[in-house]
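Scroll down for the structure; my scribbles are underneath it.
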Amino acid sequence: MTSLPPWRRALLAAALCLVSPWALGAPTPALVPGGIARLSIAPASEARPTVRFGDAPVLVLRDGAQWTAWIGLPLDLAPGKHSVAVNRQGKTSALSLTLKDKAYPVQHLRLKNRRMVEPDPADLRRIKAEAATQNEVKTLFRDTDTVQLDFVTPVPGRRSSAFGLRRTFNGQPRAPHRGLDIAAGKGTPIVAPAAGVVTHVGDFFFNGNTVFIDHGQGLISMFCHLDSVAIAAGTPVAQGKTVGTVGQTGRATGPHLHWSVFLNGTPVDPALFLP
């Protein structure tokens with residue numbers, strides 16, 4: 001697995017990335033577990049406020065005459081009211097949002113490789129170390145005034161497995177599906193859905209060849225199961241830049257792209273970013 005690059009190197013590279021003005025037309029709000037909340041926070045005439053949801057900082061962008069917060073809602077978040085902390089001009093207050101329940105369907109998968117369902121002790125040690133690396137990368141918060149929200153689809157193809165599915169592998173319950181699977185032929189180019197900087201490239205037990213793109217302010221894409229990687233950690237990317245090709249590495253039943261989107265450290269439904 002490729003070691004983590006120095007974060008300073010990645011952040012300096014990000015500062016050189018030219019980003020075209022974004023259009024605040026996405027994502028689609030969905031007040032459900034795994035969805036996204038959109039809150040109007042303050043007039044744009046004020047300095048940009050800071051917002052936190054739980055322990056995590058939140059993405060805040062100018063939206064016409066106001067500041068708007070985009071908040072990722074964890075899959076395990078209970079329905080009901082939840083508090084959002086807002087700091088405006090040095091004063092902290094609380095706003096609330098009300099979450100509705102959502103029942104995600106169950107998906108049953110069969111895998112020939114037993115280790116991908118019941119890893120051996122050496123595999124478990126590797127998985128634990130990789131989980132720590134991924135947690136660090138997906139919770140980065142690169143503060144920037146410009147974040148591109150008008151995403152494009154990273155690869156053409158059929159959406160073969162939706163976000164949030166409750167999964168079983170060989171009859172054994174496992175964690176919900178925290179991404180969107182897009183079926184495509186091996187070798188199909190994968191492009192950056194929005195501008196950002198590549199913060200990590202690695203080969204993981206379950207995810208296979210993986211690329212992380214930091215779009216700014218805690219908005220992060222993760223691409224998994226790649227056949228090949230065409231970009232290095234620390235590289236700025238423009239929307240539409242090729243970052244790799246579709247493959248079947250890691251725990252995969254066929255060639256496809258697994259695309260996860262993280263917002264304030266939690267996975268949210270990538271389909272909400274697409275038309």
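Please note that chains go A, B, ... in the order of the structure tokens, that every chain numbers its residues from 1, and that ligands are numbered from 1 in the order shown.
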Mind running segment 31-105 of chain A against segment 201-218 of chain A at 9 Å and telling me each contacting residue's nearest atom pair with the distance in Å (one decimal), counting only C-alpha atoms, chain and number ascending, as CSV?
```
residue,atom,partner,partner_atom,distance
A:Pro57,CA,A:Gly218,CA,7.6
A:Val58,CA,A:Gly218,CA,7.1
A:Leu59,CA,A:Gln217,CA,5.1
A:Val60,CA,A:Gln217,CA,7.7
```
- Message: So that I can see what lies close to segment 90-103 of chain A, please list as a list in words the residues with an atom at most 10 Å from it, counting only C-alpha atoms and leaving out residues fewer than 6 positions away in the same chain.
- Response: Ala30, Leu31, Val32, Pro33, Gly34, Gly35, Ala37, Arg38, Leu39, Ile41, Pro49, Thr50, Val51, Arg52, Leu73, Leu75, Leu77, Ala78, Pro79, Gly80, Lys81, His82, Ser83, Val84, Gly164, Leu165 and Arg166 of chain A
- If you run DSSP over the backbone, which residues in segment 15-152 of chain A end up strand (DSSP E)? Put them as an MDAnalysis selection string. chainID A and resid 36:43 50:53 56:57 59:63 66:72 80:88 91:99 106:109
- Item | Minimum-distance residue to Arg62 of chain A, chosen among A:Asp145, A:Glu130, A:Glu136, A:Asp150 (using only C-alpha atoms) |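 Selected residue with least distance to Arg62 of chain A: A:Asp145.
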Which residues of segment 13-97 of chain A come within 6 Å of segment 258-266 of chain A, and what is each one's closest atom pair and distance in Å (one decimal), counting only C-alpha atoms, sorted by chain and residue number, as JSON lines?
```
{"residue": "A:Ala56", "atom": "CA", "partner": "A:Asn264", "partner_atom": "CA", "distance": 5.7}
{"residue": "A:Val58", "atom": "CA", "partner": "A:Asn264", "partner_atom": "CA", "distance": 5.5}
{"residue": "A:Gly72", "atom": "CA", "partner": "A:Leu263", "partner_atom": "CA", "distance": 4.9}
{"residue": "A:Pro74", "atom": "CA", "partner": "A:Thr266", "partner_atom": "CA", "distance": 5.6}
```
- Query: To one decimal place, how far is atom CA of Ala183 of chain A from atom CA of Glu118 of chain A in Å?
  - Reply: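 Atom CA of Ala183 of chain A sits 25.3 Å away from atom CA of Glu118 of chain A.
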- Check segment 46-228 of chain A with DSSP on the backbone and list each residue it calls alpha helix (DSSP H), as JSON, numbers by chain. {"A": [121, 122, 123, 124, 125, 126, 127, 128, 129, 130, 131, 132, 133, 134, 135, 136, 137, 138]}
- In Å, with one decimal, what is the gap from atom CA of Leu226 of chain A to atom CA of Phe141 of chain A?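 A separation of 25.0 Å between them.
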- Message: Between atom CA of Val229 of chain A and atom CA of Ala162 of chain A, what distance in Å does the model show, to one decimal?
- Response: 24.0 Å
